[in-house]
Structure formats: C-alpha cells, structure tokens
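Here is the structure we will look at, set down as structure tokens.
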Amino acid sequence: MLTWLLIFLVTIGTAAYLRLPQAIWSGALGIVLFLFSFSGITGLATLVIIWALFLAIVVPLNLPHIRQTYISEPLLNFMRNAMPSISKTEQEALDAGKTWWEVDLFSGKPDYSKIRDLPVSKLSAEEQAFLDGPVEELCGMLDDWQINQVDYDLPKPVWKFLKKNKFFAMIIPKSYGGLEFSALGHSSVVMKIAGRSISAAVTVMVPNSLGPGELLMHYGTEKQKDFYLPRLSIGDEIPCFALTGPENGSDAGAMPDTGVVCRDTFDGEENVLGIRLNWDKRYITLGPVATVLGLAFKLYDPDHLIGEENDIGITLALIKTDVEGIDIGKRHFAANHMFMNGPNRGKDVFIPMDWVIGGQEYVGQGWMMLMNCLSQGRGVSLPALSTGAGKYIARYTGAYSRIRKQFKIPIGYFEGVEEALAVIAGNSYIMNAARELTLTGLDTGEVPSVISGIVKYQMTERMRTVVNHAMDIHGGHGICLGPKNFIGRSYQGVPVSITVEGANILTRTMIVFGQGVLRSHPYLLKEVEAVNHPDRDTSISLFDDALFGHVGFIISNFFRSLWLGLSGAYFVSAPGKGKVRRYYQQLTRMSSCFALLSDACVLILQGSLKRKEKISGRLADALSNMYLITAVLKHYEDQGYKQDDLPLLEWACEDSFYKVQEAMKSVMRNFPIPIIGKILNIVIFPLTKPYGGASDKLGHKIARLLLDPSSTRDRLTRGIYLTEETDDPMGRLEYALKAVLDAEDAERKLRDAIRIGLITSQDYNTAVADAISQSIIDQSEADKILTAHEATLNAISVDEFSPKGWKPQ
Ligand SMILES: Cc1cc2nc3c(=O)[nH]c(=O)nc-3n(C[C@H](O)[C@H](O)[C@H](O)COP(=O)(O)OP(=O)(O)OC[C@H]3O[C@@H](n4cnc5c(N)ncnc54)[C@H](O)[C@@H]3O)c2cc1C
C-alpha cells in the first residue's frame with residue numbers, strides 16, 4: 001500500500017514539478033489508479049470510493065463549463081464583494097513602468113537565457129571619449145573641501161565647464177543639442193564624479209534624472225520641447241523639479257498645493273486660459289539656482305472651464321522662476337554637502353495653460369507621468385553614485401590598509417580589519433554587477449519599476465555598509481575632516497541617498513514586494529483584472545483561467561520546493577559551467593521557494609499584507625538578493641570567467657543566498673498562522689539551512705585582493721578617476737601604495753638587520769644610512785625605503801587648522 005501511495009505522490013509531484021497541463025496529469029493519475037485497481041490491495045468498496053473521489057475532483061477540473069459554473073463564478077462573486085475597487089491612482093501605479101527579470105524570479109522557474117542573452121554592457125566610443133576627456137578634466141578640477149567648506153557652492157569655472165560640456169544634457173537627444181547618452185554612459189559619468197565630490201555628482205545627476213528634461217522628452221508638446229530642450233542642453237536654463245513639501249514627503253501624492261483653472265491677463269494679453277497656483281515646497285535640488293521649475297500640484301476646475309470635472313488630479317507644469325509671486329533662492333544645507341537645495345513657494349501665481357507639461361491634454365495625468373519617469377532615473381543616478389562610492393572606497397581603503405601599519409604590520413593583515421575589507425570588496429563587486437545589469441535592461445528598452453526600486457534601496461544600503469566599514473578602518477584618518485580626507489564627507493552624505501528618490505524604508509517595505517507581487521506574479525494581476533472586468537461573461541472566463549492557473553502554480557511550487565530542497569537542486573537543468581552552474585541551480589531552487597512563500601503570504605494575509613511591512617520587507621530582501629545573484633552571475637560570465645575574480649563571485653553568491661535564506665526563514669518564523677509557517681519551513685528547507693554565508697577563507701581571499709595592485713583590483717574599481725598626485729586626497733594613497741610595494745624587498749632587508757641587532761638606531765633615516773654603510777642595502781634601495789616612508793607619512797596625515805577657523809595651517 002505504501003508503495004502505491006508513493007507512486008501516486010511521485011506522479012502528482014512529477015506532473016506538478018514539470019508544470020504539465022491539467023488534462024495530462026489527470027490522465028497520468030487515472031492510469032496509476034487504473035493499475036492500482038488490479039493490484040488486489042483493496043476491496044471493491046474502497047476502490048469505488050477512491051474512484052468516486054478521483055472523478056469528483058478531476059471531472060469538474062477538466063470541464064471548463066462545470067468548473068466555471070460551480071467553482072469560479074461563486075468565488076468571483078465573493079471576490080467582487082470582498083475586494084475594494086481599484087482607484088485611479090492605484091491603477092496608474094499598476095500600469096506604470098514595465099516588468100522584467102523579477103517576473104522570472106516570481107515564476108519559480110527562471111529562464112536564464114533572457115539575462116544571459118542580453119548584450120555585454122559596453123560604452124560607445126563617444127561616451128568613452130567624454131569620460132576620458134571632459135569628465136577626467138572635471139574630476140581634476142573638483143576640490144570637495146573647497147566646495148563644501150569654503151565656497152558653499154561649486155566654483156564658477158566648474159559651473160561654466162559643466163554647462164559648456166553639456167553635463168546637464170546627457171539624456172537629451174542630439175536633435176535638441178543634447179549628448180543622447182545610453183543609461184550606461186550617463187551612469188558612468190555620475191559614478192566617476194561621485195568619488196571626487198558628491199555635491200558635484202548630485203548637481204550633474206538631477207537634471208539628467210527625474211526632472212523637466214525627462215518629463216519633456218516623454219510628454220512635452222513639440223513647442224515645449226523645441227523651446228526648452230536646446231536651452232537645457234547648453235545650460236541656458238537650469239531645471240529643478242518640485243514635488244515634496246512640508247506635508248507631503250514619502251506620500252508624495254498627498255500634496256496640498258493647488259492650481260485652479262481660470263482666466264487672467266498674461267504678458268499683456270487679456271482673458272488668457274490658465275491656472276492660478278499656490279504651493280509650498282521644500283528640499284528641492286537645484287531649486288535655489290533654477291531658472292525653470294517643474295511643479296507638481298493638484299488641479300481643480302470649479303468653473304468647468306476645461307471640462308465637467310472639478311477635481312482633475314495631479315498635474316505638472318514648467319514655470320519660469322522669475323514669474324511674479326514666486327519665492328525661490330533660499331537654501332537648505334543637506335548633510336554638509338553644498339549642492340544647491342532649498343525651498344520654494346508660490347502665491348497666486350498665474351500661468352497660461354500651455355505651461356502644463358504636455359499641454360491641456362495632460363492635465364490630471366501627473367502621477368502617471370511621474371511614475372513612468374521615476375523608474376528610469378531611480379535605476380541610474382543613485383546606483384551610480386553608490387557604486388562610485390564603493391569603488392573609490394574599495395581601492396583607497398585597501399591601499400590605506402596596506403600602507404598603514406600598527407604593531408609593525410599593515411592593518412589589512414589583521415583578521416578584524418580583513419573582515420571589514422571583505423565586506424567592502426564583496427559589496428563593491430555586487431553593486432557594480434547590479435548597476436551594469438540594470439543599465440543593460442534600461443538600454444534595451446525595459447523600464448523595470450520594481451527592479452529600479454530594488455537597486456535604489458539595495459545599493460544605497462550597501463554604500464552605507466561599505467562607508468561605515470571604511471570609516472572604522474580609517475579611524476581618525478576618516479574622522480578628521482579637511483582637504484586631505486576623502487571619506488568623512490561620503491559618510492555624512494549617506495542619508496541623502498537613503499532618503500531621496502523614495503526613502504529606503506518605504507521602498508523596501510512597501511514598494512518592492514507590494515508592487516512586485518501584483519505586477520510580476522503570473523496570475524495575481526490577472527485575477528484582479530478579471531474581478532474588475534465590466535463584462536460578466538468575460539470576467540468569469542478570465543477569472544477561471546487565472547484561478548486554476550494559480551492553483552496549479554501553487555501546487556507546482558510546493559513540489560518543486562520540496563524536491564529541489566531534498567535533492568539540493570543538483571539535478572535541475574541550469575546554464576553555465578562549474579560553480580556558476582551550481583549557483584544558477586540554487587537560484588532556481590530559491591525562486592521556487594520564494595514563489596511558494598509569496599503565494600502563502602498573499603493567500604493568508606490578502607489585503608492586510610499592505611500593512612504587514614515587516615513581512616513584505618523581508619520578502620523584498622529575498623527578491624532583491626536573488627536579483628543581485630543574477631547580476632553577479634551575468635557579470636562574471638560576461639567578463640569571461642576570470643579565474644582570479646572567482647572569489648568575489650563566490651563571496652557575493654554565498655552572502656546573498658544566505659540573505660535570501662534568512663529573509664525567508666524570518667517570514668516563516670513570524671508567519672501569522674504559526675503552523676503554516678512551520679509546514680512551509682519543512683517544505684522549503686527540508687534538510688535544515690543550506691546556506692551558511694561567505695566563509696572566513698573566502699573573506700580572506702577577497703580582502704587580500706584590495707591590498708595589492710592586480711588586474712582583479714583594476715576590474716573591480718574600473719571607471720573611477722585615478723591620480724598619483726601627492727597633494728590629492730586619493731592620489732597620495734595610490735602613490736604611497738606603489739612606493740611601499742616598490743620598497744618591500746629593501747624594507748625586509750632593513751627589518752631583518754634590525755631584528756638581529758646589526759642596526760640599532762631608533763631614528764629611521766639613521767637606520768637607513770647605517771644599512772647602506774654596512775652594505776645591507778644599496779643607495780637605490782635606500783631611496784625606495786625613504787620615498788615609501790615619506791609617501792606613507794603624507795598619506796596617513798590629517799589636516800590641521802588654526803584654532804579660529806577652517807583654513808589649513
Ligand atoms: C537632499 C535632498 C534632496 C531632495 N531633492 C528633491 C527634489 O529635487 N525634488 C523633490 O520633489 N523632492 C526632493 N527631496 C525630497 C525627498 O524625495 C523626500 O525627502 C523623501 O521623499 C522623503 O520624504 P521626507 O523627508 O519628508 O520623509 P518622510 O516622508 O517624513 O519619511 C520619514 C520616514 O518614514 C518612512 N515612511 C514613510 N511612509 C512610510 C510607509 N508607508 N511605510 C514605511 N515607511 C514609511 C520613510 O521611509 C522615512 O524613513 C529631496 C530630499 C533631500 C533630503
């Protein structure tokens with residue numbers, strides 16, 4: 001009997017695992033039951049009961065008419081009563097942006113060819129020339145201390161240089177005088193500048209991100225594009241975009257700012273149709289110097305001048321900042337970074353209707369416009385800034401750890417420091433891979449709104465981790481601010497990135513999984529749409545398809561999770577070679593488990609999942625880390641399986657799988673119905689926890705990669721500004737590292753001589769002179785030792801100021 005039970009289970013399991021159509025697995029079960037009937041194990045009465053049960057389940061399932069009438073329709077009626085109807089704003093959010101790789105991660109069976117077949121990310125010759133030319137020159141001009149502590153602004157020549165070289169026009173088409181860079185080109189520029197000066201990077205970022213330029217390109221009228229885009233390209237207009245106000249931060253749509261449709265005199269012309277605006281905005285980047293203000297407000301038409309409706313909805317307009325009634329120019333100081341940021345207000349400001357972005361046709365569509373454009377910028381700017389910070393920090397904290405000695409040993413050799421260095425190296429690798437994959441997605445025409453949320457929150461959080469660890473390693477060298485310090489101000493600036501373009505707590509706990517599950521789940525949105533469909537017959541038929549597809553999907557993921565867990569996913573087909581293939585196999589396993597867990601959460605929590613942010617935040621973590629794993633695998637493959645980089649890939653995957661596992665474990669541990677959490681845990685992790693995180697040995701390997709120059713270190717930090725200028729905060733470290741390594745052999749000879757007592761002088765210069773006189777080293781070796789010593793002293797030095805001010809002494 002047990003054998004037959006097993007045969008039944010294996011048949012159901014295999015059919016579910018392979019996601020066979022309903023009719024086929026019904027037939028397969030019928031055949032097993034037929035054979036069982038002749039086994040003689042049970043009596044006739046039991047057989048009749050089993051067959052009756054089988055037919056009662058299988059017949060309605062395979063006859064759509066019966067299924068729809070007796071199962072789907074009553075359930076649909078129930079859902080229609082239970083589910084609130086979708087509001088216009090919710091529908092716009094659902095329709096905004098496209099879906100992408102997250103669909104595969106939600107499917108439980110990712111099709112890796114979609115990612116692996118994407119082109120290898122590569123800059124165009126023009127973009128490379130821009131990076132090697134104007135960007136390189138700009139980086140050399142930037143003195144972050146001068147900007148933030150002395151001038152409180154970018155120097156005039158830098159502003160001029162930015163405008164002249166069209167830094168503000170990277171996304172504007174060439175036909176309008178812009179540079180028309182790819183997302184990769186745009187990101188590479190921001191990344192390179194970010195390590196030199198966050199204030200400069202933010203200044204460049206904003207006009208190229210969500211703002212007037214992008215909104216105009218997507219929705220502007222021809223007249224608006226023809227007027228503004230060429231002027232924005234050469235910096236004749238400086239744009240800003242004002243959405244946030246004192247009362248609407250994360251809940252951006254809740255703005256109290258209003259526009260009322262009316263007629264008034266404008267520019268000497270009477271009876272002009274337009275809008276009277278009142279607003280109060282704050283935190284607006286570039287606001288204090290903007291000449292054109294993109295404004296979001298709620299539009300009303302009480303006199304029905306443009307239609308039947310009074311409450312028209314969120315509308316976006318472009319407003320010249322010199323119009324009467326506008327108060328603009330004051331500043332905020334954002335975490336000690338002196339990019340232009342400030343409040344602005346408008347009192348009874350009248351603008352003509354054709355200042356609405358897209359013209360009258362687009363009134364009330366502001367939210368949709370913002371949602372569609374936000375994902376683009378969110379996937380580029382802050383991920384670029386975070387990756388840039390990661391690369392600079394990896395390179396120069398590695399160098400510092402190598403040249404800074406305590407207890408006569410480079411601090412990077414101590415296990416405690418090594419642990420922190422490993423986190424810096426691993427996260428920098430992950431950030432770069434995620435940046436490249438997302439940009440490739442954007443450049444191939446996808447606007448993945450969930451993915452852009454993932455990279456925004458994951459990469460700014462990882463930047464925070466990297467900067468925090470680097471601060472610990474640099475110690476006082478990172479804390480004492482001054483022209484020599486390249487890291488302290490990055491530390492201060494982290495909260496800016498965490499907060500803007502969707503504050504991270506909100507993005508993690510509300511957006512990523514909440515939006516992801518609705519948009520990317522194979523059946524959920526179809527069910528919602530079916531329930532809301534106005535035609536009843538179509539609604540039943542659509543709902544029936546979605547519902548039974550969904551049930552099959554859950555059963556499939558149940559068996560897939562269990563089998564992949566029991567078998568360690570060793571037999572699942574996956575692309576790639578060696579370790580890469582193994583990681584793909586494990587990703588397939590985690591994707592199945594994630595799909596099952598997501599469905600369990602949605603089914604049990606339903607609408608209340610929206611409020612259960614601790615659950616959805618952890619699911620967002622699991623989804624995000626699976627995306628990051630995909631990114632590092634693609635990156636490693638695209639770079640041609642470089643053996644030297646394998647430890648970085650391994651660290652990234654081991655760390656991320658561990659995070660996926662822990663996030664899912666936490667969801668199950670805190671599941672609202674504990675017994676279901678326990679059952680899910682048995683199905684998903686049947687043989688205890690498979691992932692233990694990156695080992696110390698791996699950490700040791702990748703930390704060491706930062707301590708010495710190598711092609712792996714160069715690949716990891718590719719795209720940043722390099723200099724060996726000894727009066728540059730980073731150049732002095734680059735120079736000192738080279739000098740120290742160059743002097744290593746000679747230093748060893750000197751050290752040995754000191755150890756065995758051949759040299760006794762405590763003074764460094766005298767000891768070197770003694771070593772020459774005793775022929776322990778020659779003059780050229782002595783020069784190397786002294787150069788390294790001097791370079792190290794310069795690289796570890798910190799600034800000193802007069803007691804009265806900030807001028808270096
Ligand atoms: C330097 C800087 C530059 C900026 N530039 C611009 C600009 O150019 N244009 C513009 O329009 N705006 C800009 N902003 C505004 C920025 O977008 C907002 O700061 C951001 O949306 C958060 O709003 P808030 O600061 O009011 O925080 P709040 O909305 O008050 O949020 C406080 C905290 O609560 C969390 N939270 C809120 N709601 C939820 C929820 N439902 N679930 C979970 N957590 C939640 C948030 O994640 C955050 O951690 C800028 C801000 C800064 C600091």
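Every chain in the structure tokens takes a letter, A first, then B, and so on in the order presented; its residues are numbered from 1, and the ligands are numbered from 1 following the presented order.
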Give me, as CSV, the closest atom pair and its distance (Å, one decimal) for every residue of chain A within a cut-off of 8 Å of ligand 1, counting only C-alpha atoms and all ligand atoms, rows sorted by chain and rising number.
residue,atom,partner,partner_atom_place_in_ligand_line,distance
A:Val206,CA,ligand 1,8 (O),7.1
A:Cys240,CA,ligand 1,8 (O),6.2
A:Phe241,CA,ligand 1,9 (N),5.1
A:Ala242,CA,ligand 1,11 (O),4.0
A:Leu243,CA,ligand 1,11 (O),3.4
A:Thr244,CA,ligand 1,11 (O),3.9
A:Gly245,CA,ligand 1,11 (O),7.4
A:Pro246,CA,ligand 1,26 (O),6.8
A:Glu247,CA,ligand 1,26 (O),7.4
A:Asn248,CA,ligand 1,26 (O),6.3
A:Gly249,CA,ligand 1,23 (O),3.3
A:Ser250,CA,ligand 1,29 (O),3.5
A:Asp251,CA,ligand 1,29 (O),6.2
A:Ala252,CA,ligand 1,21 (O),6.7
A:Lys281,CA,ligand 1,11 (O),7.5
A:Arg282,CA,ligand 1,12 (N),7.0
A:Tyr283,CA,ligand 1,50 (C),4.5
A:Ile284,CA,ligand 1,8 (O),3.9
A:Thr285,CA,ligand 1,8 (O),3.9
A:Leu286,CA,ligand 1,8 (O),6.9
A:Gly287,CA,ligand 1,8 (O),7.4
A:Ala334,CA,ligand 1,1 (C),5.1
A:Ala335,CA,ligand 1,1 (C),7.6
A:Asn341,CA,ligand 1,3 (C),6.5
A:Pro495,CA,ligand 1,53 (C),7.8
A:Val496,CA,ligand 1,1 (C),5.1
A:Ser497,CA,ligand 1,1 (C),7.8
A:Thr499,CA,ligand 1,20 (C),5.4
A:Val500,CA,ligand 1,17 (O),4.3
A:Glu501,CA,ligand 1,17 (O),5.1
A:Gly502,CA,ligand 1,21 (O),5.2
A:Ala503,CA,ligand 1,47 (O),4.3
A:Asn504,CA,ligand 1,47 (O),5.3
A:Ile505,CA,ligand 1,47 (O),4.0
A:Leu506,CA,ligand 1,44 (N),3.9
A:Thr507,CA,ligand 1,47 (O),6.9
A:Thr509,CA,ligand 1,43 (C),6.0
A:Met510,CA,ligand 1,42 (N),5.8
A:Glu613,CA,ligand 1,42 (N),7.1
Grab the residues selected above and save them as an mmCIF file, in the first residue's frame with N, CA and C atoms.
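Printed below is part.cif as written:
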data_model
loop_
_atom_site.group_PDB
_atom_site.id
_atom_site.type_symbol
_atom_site.label_atom_id
_atom_site.label_comp_id
_atom_site.auth_asym_id
_atom_site.auth_seq_id
_atom_site.Cartn_x
_atom_site.Cartn_y
_atom_site.Cartn_z
ATOM 1 N N VAL A 206 20.872 65.511 -11.133
ATOM 2 C CA VAL A 206 19.466 65.903 -11.068
ATOM 3 C C VAL A 206 18.859 66.309 -12.417
ATOM 4 N N CYS A 240 14.787 72.405 -12.081
ATOM 5 C CA CYS A 240 14.619 71.644 -10.846
ATOM 6 C C CYS A 240 13.213 71.066 -10.894
ATOM 7 N N PHE A 241 12.951 70.111 -10.036
ATOM 8 C CA PHE A 241 11.601 69.563 -10.018
ATOM 9 C C PHE A 241 11.072 69.523 -8.595
ATOM 10 N N ALA A 242 9.917 70.151 -8.381
ATOM 11 C CA ALA A 242 9.384 70.311 -7.025
ATOM 12 C C ALA A 242 8.125 69.474 -6.825
ATOM 13 N N LEU A 243 8.309 68.423 -6.051
ATOM 14 C CA LEU A 243 7.187 67.542 -5.713
ATOM 15 C C LEU A 243 6.942 67.589 -4.201
ATOM 16 N N THR A 244 8.055 67.505 -3.444
ATOM 17 C CA THR A 244 7.960 67.369 -1.985
ATOM 18 C C THR A 244 7.636 68.696 -1.304
ATOM 19 N N GLY A 245 6.835 68.615 -0.259
ATOM 20 C CA GLY A 245 6.538 69.804 0.549
ATOM 21 C C GLY A 245 6.527 69.414 2.016
ATOM 22 N N PRO A 246 6.292 70.399 2.897
ATOM 23 C CA PRO A 246 6.314 70.083 4.329
ATOM 24 C C PRO A 246 5.322 68.984 4.704
ATOM 25 N N GLU A 247 4.193 68.931 4.018
ATOM 26 C CA GLU A 247 3.182 67.944 4.420
ATOM 27 C C GLU A 247 3.210 66.681 3.575
ATOM 28 N N ASN A 248 3.868 66.717 2.451
ATOM 29 C CA ASN A 248 3.940 65.502 1.623
ATOM 30 C C ASN A 248 5.391 65.139 1.346
ATOM 31 N N GLY A 249 5.854 64.101 2.033
ATOM 32 C CA GLY A 249 7.201 63.584 1.812
ATOM 33 C C GLY A 249 7.091 62.280 1.051
ATOM 34 N N SER A 250 7.146 61.169 1.790
ATOM 35 C CA SER A 250 7.009 59.854 1.143
ATOM 36 C C SER A 250 5.649 59.717 0.464
ATOM 37 N N ASP A 251 4.635 60.263 1.102
ATOM 38 C CA ASP A 251 3.300 60.218 0.498
ATOM 39 C C ASP A 251 3.196 61.407 -0.453
ATOM 40 N N ALA A 252 3.964 61.301 -1.538
ATOM 41 C CA ALA A 252 4.150 62.463 -2.415
ATOM 42 C C ALA A 252 2.833 62.952 -3.013
ATOM 43 N N LYS A 281 6.894 74.219 -1.281
ATOM 44 C CA LYS A 281 7.741 73.028 -1.497
ATOM 45 C C LYS A 281 9.038 73.175 -0.721
ATOM 46 N N ARG A 282 9.674 72.039 -0.442
ATOM 47 C CA ARG A 282 10.999 72.108 0.214
ATOM 48 C C ARG A 282 11.888 70.962 -0.268
ATOM 49 N N TYR A 283 13.137 71.054 0.101
ATOM 50 C CA TYR A 283 14.168 70.050 -0.251
ATOM 51 C C TYR A 283 14.463 70.000 -1.755
ATOM 52 N N ILE A 284 14.214 71.028 -2.503
ATOM 53 C CA ILE A 284 14.276 70.913 -3.959
ATOM 54 C C ILE A 284 15.702 71.144 -4.484
ATOM 55 N N THR A 285 16.275 70.087 -5.059
ATOM 56 C CA THR A 285 17.650 70.167 -5.537
ATOM 57 C C THR A 285 17.732 71.064 -6.769
ATOM 58 N N LEU A 286 18.712 71.923 -6.769
ATOM 59 C CA LEU A 286 18.952 72.957 -7.776
ATOM 60 C C LEU A 286 17.933 74.091 -7.701
ATOM 61 N N GLY A 287 16.938 73.943 -6.812
ATOM 62 C CA GLY A 287 15.912 74.976 -6.668
ATOM 63 C C GLY A 287 16.488 76.388 -6.537
ATOM 64 N N ALA A 334 22.272 70.288 3.039
ATOM 65 C CA ALA A 334 21.958 68.854 3.076
ATOM 66 C C ALA A 334 23.162 68.054 3.556
ATOM 67 N N ALA A 335 23.153 67.712 4.825
ATOM 68 C CA ALA A 335 24.174 66.838 5.412
ATOM 69 C C ALA A 335 25.586 67.290 5.046
ATOM 70 N N ASN A 341 20.192 73.267 -2.892
ATOM 71 C CA ASN A 341 18.954 72.618 -2.469
ATOM 72 C C ASN A 341 18.209 73.605 -1.583
ATOM 73 N N PRO A 495 22.937 59.510 4.298
ATOM 74 C CA PRO A 495 21.482 59.637 4.484
ATOM 75 C C PRO A 495 20.771 60.342 3.332
ATOM 76 N N VAL A 496 21.503 61.176 2.587
ATOM 77 C CA VAL A 496 20.854 61.844 1.446
ATOM 78 C C VAL A 496 20.405 60.780 0.446
ATOM 79 N N SER A 497 21.334 59.885 0.103
ATOM 80 C CA SER A 497 20.991 58.844 -0.873
ATOM 81 C C SER A 497 19.926 57.902 -0.336
ATOM 82 N N THR A 499 17.516 58.682 1.557
ATOM 83 C CA THR A 499 16.212 59.352 1.661
ATOM 84 C C THR A 499 15.587 59.725 0.321
ATOM 85 N N VAL A 500 16.420 60.190 -0.632
ATOM 86 C CA VAL A 500 15.812 60.732 -1.849
ATOM 87 C C VAL A 500 15.366 59.629 -2.818
ATOM 88 N N GLU A 501 14.566 60.019 -3.796
ATOM 89 C CA GLU A 501 14.000 59.110 -4.815
ATOM 90 C C GLU A 501 13.333 57.899 -4.176
ATOM 91 N N GLY A 502 12.568 58.124 -3.129
ATOM 92 C CA GLY A 502 11.881 57.044 -2.423
ATOM 93 C C GLY A 502 12.716 56.610 -1.233
ATOM 94 N N ALA A 503 12.341 57.073 -0.033
ATOM 95 C CA ALA A 503 13.128 56.727 1.159
ATOM 96 C C ALA A 503 13.183 55.199 1.297
ATOM 97 N N ASN A 504 14.351 54.703 1.738
ATOM 98 C CA ASN A 504 14.580 53.255 1.670
ATOM 99 C C ASN A 504 13.610 52.403 2.474
ATOM 100 N N ILE A 505 13.242 52.865 3.664
ATOM 101 C CA ILE A 505 12.341 52.022 4.473
ATOM 102 C C ILE A 505 11.047 51.807 3.694
ATOM 103 N N LEU A 506 10.546 52.886 3.141
ATOM 104 C CA LEU A 506 9.300 52.801 2.371
ATOM 105 C C LEU A 506 9.487 51.935 1.125
ATOM 106 N N THR A 507 10.588 52.172 0.404
ATOM 107 C CA THR A 507 10.807 51.410 -0.830
ATOM 108 C C THR A 507 10.908 49.917 -0.522
ATOM 109 N N THR A 509 9.852 48.239 2.288
ATOM 110 C CA THR A 509 8.743 47.555 2.953
ATOM 111 C C THR A 509 7.406 47.694 2.228
ATOM 112 N N MET A 510 7.316 48.662 1.358
ATOM 113 C CA MET A 510 6.009 48.900 0.745
ATOM 114 C C MET A 510 6.016 48.680 -0.771
ATOM 115 N N GLU A 613 4.323 45.289 6.936
ATOM 116 C CA GLU A 613 5.541 45.720 6.237
ATOM 117 C C GLU A 613 6.771 44.931 6.645
#
**Q.** Sel. of alpha helix (DSSP H) residues, stretch 688-758 of chain A, as a VMD selection string
**A.** chain A and resid 696 to 705 711 to 716 731 to 742 744 to 755
**Q.** Neighbour list for A:Ile554 as a list in words, cut-off 10 Å, only C-alpha atoms, skip fewer than 4 positions in-chain
**A.** Ala16, Gly108, Phe548, Gly549, His550, Phe558, Phe559, Arg560, Ser592, Ala595, Leu596, Leu597, Ser598, Asp599 and Ala600 of chain A
Q: Find the spatial neighbours of A:Gly699, counting only C-alpha atoms, within a cut-off of 8 Å - ignore same-chain residues fewer than 2 positions away - and output them as number ranges by chain.
A: A: 418-419, 422-423, 651, 694-697, 701-703
Include C-alpha atoms and write out the residues we just selected as a PDB file, in the first residue's frame.
ATOM      1  CA  GLU A 418      40.275  41.858   6.909  1.00  0.00           C
ATOM      2  CA  GLU A 419      36.674  41.071   7.841  1.00  0.00           C
ATOM      3  CA  ALA A 422      35.939  41.653   2.659  1.00  0.00           C
ATOM      4  CA  VAL A 423      32.547  43.304   3.103  1.00  0.00           C
ATOM      5  CA  TRP A 651      31.595  35.675  -1.772  1.00  0.00           C
ATOM      6  CA  ALA A 694      30.569  33.518   2.948  1.00  0.00           C
ATOM      7  CA  SER A 695      33.330  31.679   4.792  1.00  0.00           C
ATOM      8  CA  ASP A 696      36.305  33.321   6.530  1.00  0.00           C
ATOM      9  CA  LYS A 697      38.542  31.745   3.907  1.00  0.00           C
ATOM     10  CA  LYS A 701      40.859  35.949  -0.308  1.00  0.00           C
ATOM     11  CA  ILE A 702      38.783  38.928  -1.360  1.00  0.00           C
ATOM     12  CA  ALA A 703      40.174  41.230   1.319  1.00  0.00           C
TER      13      ALA A 703
END
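If you measure from each of A:Cys139, A:Ile275, A:Val632, A:Val660 to A:Gly693 using only C-alpha atoms, the closest one turns out to be A:Val660.
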Q.
So that I can check the secondary structure, give me every residue of stretch 401-545 of chain A assigned strand (DSSP E or B) by backbone DSSP, as JSON, numbers by chain.
A. {"A": [405, 406, 409, 410, 448]}
